[in-house]
$ cat structure.tsv   # TSV, C-alpha atoms
chain	number	residue	atom	x	y	z
A	1	MET	CA	89.38	81.55	40.67
A	2	ARG	CA	87.51	81.43	44.00
A	3	ARG	CA	85.51	78.33	44.81
A	4	ASP	CA	82.15	80.10	44.46
A	5	ALA	CA	83.20	81.69	41.17
A	6	ARG	CA	84.32	78.32	39.83
A	7	ARG	CA	81.03	76.75	40.93
A	8	ASN	CA	79.04	79.48	39.19
A	9	ARG	CA	81.06	78.98	36.01
A	10	GLU	CA	80.45	75.23	36.07
A	11	MET	CA	76.71	75.72	36.65
A	12	LEU	CA	76.51	78.18	33.77
A	13	ILE	CA	78.31	75.82	31.40
A	14	ALA	CA	76.02	72.94	32.41
A	15	ALA	CA	72.91	75.09	31.97
A	16	ALA	CA	74.10	76.39	28.61
A	17	ARG	CA	74.80	72.84	27.41
A	18	GLU	CA	71.23	71.77	28.27
A	19	ILE	CA	69.59	74.79	26.67
A	20	TYR	CA	71.80	74.80	23.57
A	21	THR	CA	71.07	71.10	22.99
A	22	ASP	CA	67.34	71.78	22.95
A	23	GLN	CA	67.11	75.31	21.52
A	24	GLY	CA	70.34	76.04	19.65
A	25	VAL	CA	73.04	78.59	20.36
A	26	ASP	CA	70.83	81.64	19.86
A	27	ALA	CA	68.94	80.88	23.11
A	28	PRO	CA	68.73	84.01	25.33
A	29	LEU	CA	71.62	84.34	27.76
A	30	ASP	CA	69.18	85.40	30.49
A	31	ASP	CA	67.50	81.98	30.17
A	32	ILE	CA	70.85	80.29	30.73
A	33	ALA	CA	71.51	82.38	33.83
A	34	ARG	CA	68.08	81.49	35.22
A	35	ARG	CA	68.59	77.79	34.51
A	36	ALA	CA	71.92	77.98	36.36
A	37	GLY	CA	70.29	79.78	39.30
A	38	VAL	CA	72.44	82.91	39.04
A	39	GLY	CA	71.90	86.46	37.87
A	40	SER	CA	72.72	87.72	34.39
A	41	ALA	CA	75.46	89.91	35.86
A	42	THR	CA	77.18	86.78	37.15
A	43	LEU	CA	77.10	85.27	33.66
A	44	TYR	CA	78.76	88.35	32.17
A	45	ARG	CA	81.43	88.35	34.87
A	46	ARG	CA	82.32	84.76	34.02
A	47	PHE	CA	82.04	85.09	30.21
A	48	ALA	CA	82.82	88.15	28.10
A	49	GLY	CA	80.07	87.25	25.61
A	50	ARG	CA	78.25	84.47	23.82
A	51	ALA	CA	81.29	83.35	21.82
A	52	GLU	CA	83.30	82.71	24.98
A	53	LEU	CA	80.43	80.72	26.51
A	54	ILE	CA	80.04	78.66	23.33
A	55	GLU	CA	83.77	77.89	23.41
A	56	ALA	CA	83.51	76.70	27.02
A	57	VAL	CA	80.47	74.53	26.28
A	58	PHE	CA	81.51	72.96	22.99
A	59	GLY	CA	85.32	73.12	22.96
A	60	ASP	CA	85.88	69.49	23.98
A	61	SER	CA	83.25	68.03	21.65
A	62	LEU	CA	84.61	70.04	18.72
A	63	ARG	CA	88.07	68.68	19.42
A	64	ASP	CA	86.58	65.16	19.31
A	65	ILE	CA	85.38	65.92	15.78
A	66	LEU	CA	88.90	67.04	14.87
A	67	ARG	CA	90.19	63.64	15.94
A	68	ALA	CA	87.46	61.96	13.88
A	69	ALA	CA	88.63	63.96	10.87
A	70	GLU	CA	92.19	62.74	11.34
A	71	GLU	CA	90.99	59.14	11.55
A	72	ALA	CA	88.89	59.53	8.40
A	73	ARG	CA	91.83	60.87	6.37
A	74	SER	CA	93.90	57.84	7.35
A	75	ALA	CA	91.40	55.35	5.88
A	76	PRO	CA	92.93	53.44	2.93
A	77	ASP	CA	89.58	53.51	1.11
A	78	ALA	CA	88.69	57.18	0.75
A	79	TRP	CA	84.98	56.55	0.14
A	80	VAL	CA	84.72	54.45	3.30
A	81	GLY	CA	86.54	57.17	5.25
A	82	LEU	CA	84.29	59.89	3.84
A	83	THR	CA	81.01	58.11	4.53
A	84	ALA	CA	82.05	57.08	8.06
A	85	TYR	CA	83.09	60.63	8.87
A	86	LEU	CA	79.85	62.16	7.58
A	87	GLU	CA	77.71	59.59	9.38
A	88	ARG	CA	79.47	60.51	12.61
A	89	ILE	CA	78.98	64.23	12.00
A	90	PHE	CA	75.32	63.88	11.14
A	91	GLY	CA	74.70	61.73	14.18
A	92	LEU	CA	75.90	64.70	16.25
A	93	LEU	CA	73.80	67.17	14.26
A	94	ALA	CA	70.69	65.09	14.90
A	95	ALA	CA	71.35	64.69	18.63
A	96	ASP	CA	72.35	68.25	19.53
A	97	ARG	CA	70.80	71.40	18.10
A	98	GLY	CA	73.64	73.53	19.42
A	99	THR	CA	76.25	71.49	17.57
A	100	ASN	CA	74.02	71.69	14.49
A	101	ASP	CA	74.03	75.50	14.68
A	102	LEU	CA	77.81	75.58	15.00
A	103	MET	CA	78.44	73.17	12.13
A	104	THR	CA	75.96	74.53	9.59
A	105	THR	CA	76.09	78.32	9.92
A	106	GLY	CA	78.72	81.04	9.74
A	107	ILE	CA	79.13	81.76	13.47
A	108	GLN	CA	82.42	83.58	14.06
A	109	GLY	CA	84.69	84.21	17.03
A	110	VAL	CA	84.85	80.71	18.55
A	111	PRO	CA	88.49	79.51	18.33
A	112	SER	CA	87.84	75.75	18.41
A	113	LEU	CA	85.07	76.18	15.83
A	114	ASP	CA	87.35	78.20	13.56
A	115	ALA	CA	89.91	75.38	13.78
A	116	LEU	CA	87.22	72.80	13.08
A	117	ARG	CA	86.03	74.58	9.94
A	118	LYS	CA	89.55	74.55	8.52
A	119	GLU	CA	90.08	70.90	9.43
A	120	ASN	CA	86.66	69.90	8.10
A	121	HIS	CA	87.35	71.58	4.75
A	122	LYS	CA	90.75	69.90	4.58
A	123	THR	CA	89.25	66.50	5.42
A	124	LEU	CA	86.48	66.71	2.83
A	125	ASP	CA	88.86	68.03	0.18
A	126	VAL	CA	91.44	65.29	0.80
A	127	LEU	CA	88.89	62.47	0.93
A	128	LEU	CA	86.94	63.69	-2.10
A	129	ARG	CA	90.09	64.05	-4.21
A	130	ARG	CA	91.30	60.61	-3.19
A	131	ALA	CA	87.87	59.09	-3.85
A	132	GLN	CA	87.94	60.65	-7.31
A	133	GLN	CA	91.41	59.21	-7.95
A	134	GLN	CA	90.18	55.80	-6.77
A	135	GLY	CA	87.19	56.00	-9.14
A	136	ALA	CA	84.64	56.12	-6.31
A	137	ALA	CA	83.44	59.72	-6.79
A	138	ARG	CA	82.54	61.80	-9.82
A	139	LYS	CA	85.38	64.07	-10.93
A	140	ASP	CA	83.40	67.29	-11.47
A	141	THR	CA	82.64	67.96	-7.79
A	142	THR	CA	84.57	70.02	-5.24
A	143	ALA	CA	84.85	70.26	-1.47
A	144	GLU	CA	82.80	73.48	-1.68
A	145	ASP	CA	80.00	71.56	-3.39
A	146	LEU	CA	80.02	69.02	-0.61
A	147	LEU	CA	80.21	71.60	2.19
A	148	PHE	CA	77.22	73.51	0.84
A	149	LEU	CA	75.11	70.40	0.37
A	150	LEU	CA	75.98	69.13	3.84
A	151	ALA	CA	75.16	72.48	5.46
A	152	ALA	CA	71.80	72.67	3.68
A	153	LEU	CA	70.90	69.11	4.66
A	154	GLY	CA	72.21	69.65	8.19
A	155	ARG	CA	69.88	72.63	8.76
A	156	ALA	CA	66.92	70.37	7.99
A	157	VAL	CA	67.97	67.64	10.41
A	158	PRO	CA	66.49	69.08	13.66
A	159	GLY	CA	63.05	69.36	12.08
A	160	SER	CA	63.11	65.85	10.65
A	161	THR	CA	64.23	64.21	13.89
A	162	VAL	CA	61.02	65.30	15.62
A	163	ALA	CA	58.95	63.04	13.37
A	164	ALA	CA	61.57	60.48	12.32
A	165	PRO	CA	64.83	60.46	14.34
A	166	LEU	CA	66.80	58.48	11.75
A	167	ALA	CA	65.46	60.14	8.59
A	168	TRP	CA	68.77	61.94	8.13
A	169	ARG	CA	70.40	58.61	7.21
A	170	ARG	CA	68.16	58.30	4.14
A	171	TYR	CA	68.91	61.81	2.91
A	172	LEU	CA	72.62	61.60	3.59
A	173	ALA	CA	72.67	58.36	1.57
A	174	LEU	CA	70.84	60.09	-1.29
A	175	LEU	CA	73.33	62.97	-1.16
A	176	LEU	CA	76.29	60.60	-1.23
A	177	ASP	CA	74.78	58.66	-4.15
A	178	GLY	CA	74.82	61.94	-6.07
A	179	LEU	CA	78.61	61.98	-5.73
A	180	ARG	CA	79.00	58.58	-7.34
A	181	PRO	CA	80.24	58.46	-10.96
A	182	GLU	CA	77.66	55.92	-12.09
A	183	GLY	CA	74.89	57.57	-14.09
A	184	SER	CA	76.14	61.10	-13.44
A	185	HIS	CA	75.22	63.93	-15.81
A	186	PRO	CA	77.06	67.21	-16.54
A	187	LEU	CA	76.36	69.87	-13.93
A	188	PRO	CA	74.63	73.04	-15.22
A	189	ALA	CA	76.62	75.59	-13.16
A	190	PRO	CA	80.14	75.89	-11.68
A	191	SER	CA	80.99	75.12	-8.08
A	192	LEU	CA	80.93	77.92	-5.52
A	193	THR	CA	84.25	79.55	-4.74
A	194	GLY	CA	85.52	79.62	-1.17
A	195	ASP	CA	84.31	83.21	-0.73
A	196	GLN	CA	80.90	82.41	-2.22
A	197	LEU	CA	80.54	79.43	0.10
A	198	GLY	CA	81.34	81.60	3.13
A	199	ALA	CA	78.69	84.14	2.10
A	200	ALA	CA	76.15	81.36	1.51
A	201	MET	CA	76.82	79.86	4.95
A	202	LEU	CA	76.14	83.21	6.58
A	203	GLN	CA	72.85	83.54	4.70
A	204	LEU	CA	71.90	79.95	5.52
A	205	GLY	CA	72.10	80.68	9.23
A	206	LYS	CA	70.73	84.23	9.16
A	207	VAL	CA	67.30	83.30	10.51
A	208	ARG	CA	68.76	81.85	13.70
A	209	ARG	CA	72.23	83.39	13.76
A	210	PRO	CA	73.09	84.67	17.25
A	211	ARG	CA	74.78	87.94	18.04
A	212	MET	CA	78.10	87.20	19.65
A	213	GLY	CA	78.70	90.17	21.94
A	214	ARG	CA	77.39	91.24	25.33
A	215	ALA	CA	74.64	93.42	23.94
A	216	ASP	CA	72.34	90.46	23.22
$ encode --input "structure.tsv" --output "structure tokens"
Amino acid sequence: MRRDARRNREMLIAAAREIYTDQGVDAPLDDIARRAGVGSATLYRRFAGRAELIEAVFGDSLRDILRAAEEARSAPDAWVGLTAYLERIFGLLAADRGTNDLMTTGIQGVPSLDALRKENHKTLDVLLRRAQQQGAARKDTTAEDLLFLLAALGRAVPGSTVAAPLAWRRYLALLLDGLRPEGSHPLPAPSLTGDQLGAAMLQLGKVRRPRMGRAD
């Protein structure tokens, strides 16, 4: 890559990071080009579409979450590992609207995000099962239950941080208390299946779900 082309790519990634943090990943690509000081045509020469730009912007941070998931699964106390992992994730969701979009909606076509979804499901499933075996979590819940609840709460985080930056800690604590066996009551409906969860995630992000090709 020529020096000027590499510089343009770096400026576009930096501009996209700033805009995605504030506005989310459905921000107009033309706005990113303007922030970077280049034309839209230059953006499309450097990136085939929105998914490729998202990968360039968030790839490293998503890999950091993968490492956090590995650390959480190695915790001897599954409940401690689960709560520490979720607190770390929600701290990111509160600080960065772009990361929030990626973690709480059904955006497709971003390789590091696809890998993260699989690892996140595995982590929550392993930790929840172990917590149930250790008597720390109610036995009638599934990883799909937890993923849906976390996505729903996560979508509310950007709005709450405007008025109260740490409010998410209260509501995450309330959610986690609902997983505890003490005082639990029978649940009135079955857990979502994996396919149902995927469909729900797409609907959850439909209001702000970006198109991933060049046409946007």
$ residues_near_point --input "structure.tsv" --point "(85.2, 83.8, 17.9)" --cutoff "9 Å" --atoms "all atoms listed in the file" --output "list in words"
Ala51, Glu52, Glu55, Ile107, Gln108, Gly109, Val110, Pro111, Ser112, Leu113, Asp114 and Met212 of chain A
$ residues_around --input "structure.tsv" --residues "Gly81 in chain A" --least-positions-apart "2" --cutoff "12 Å" --atoms "only C-alpha atoms" --output "ChimeraX atom specification"
/A:68-79,83-88,123-124,126-128,130-131,136
$ closest_residue --input "structure.tsv" --among "A:Gln133, A:Ser61, A:Thr193, A:Thr99" --to "Arg155 in chain A" --atoms "all atoms listed in the file"
A:Thr99
$ residues_near_point --input "structure.tsv" --point "(69.5, 63.2, 5.3)" --cutoff "10 Å" --atoms "only C-alpha atoms" --output "count of residues only"
21
$ closest_residue --input "structure.tsv" --among "A:Ser184, A:Thr104, A:Asn8, A:Ser40" --to "Gly24 in chain A" --atoms "only C-alpha atoms"
A:Thr104
$ residues_around --input "structure.tsv" --residues "range 138-142 of chain A" --least-positions-apart "2" --cutoff "12 Å" --atoms "all atoms listed in the file" --output "PyMOL selection string"
chain A and resi 79+121-122+124-136+144-149+176-194+197
$ residues_around --input "structure.tsv" --residues "Met103 in chain A" --least-positions-apart "3" --cutoff "8 Å" --atoms "all atoms listed in the file" --output "ChimeraX atom specification"
/A:93,99-100,151
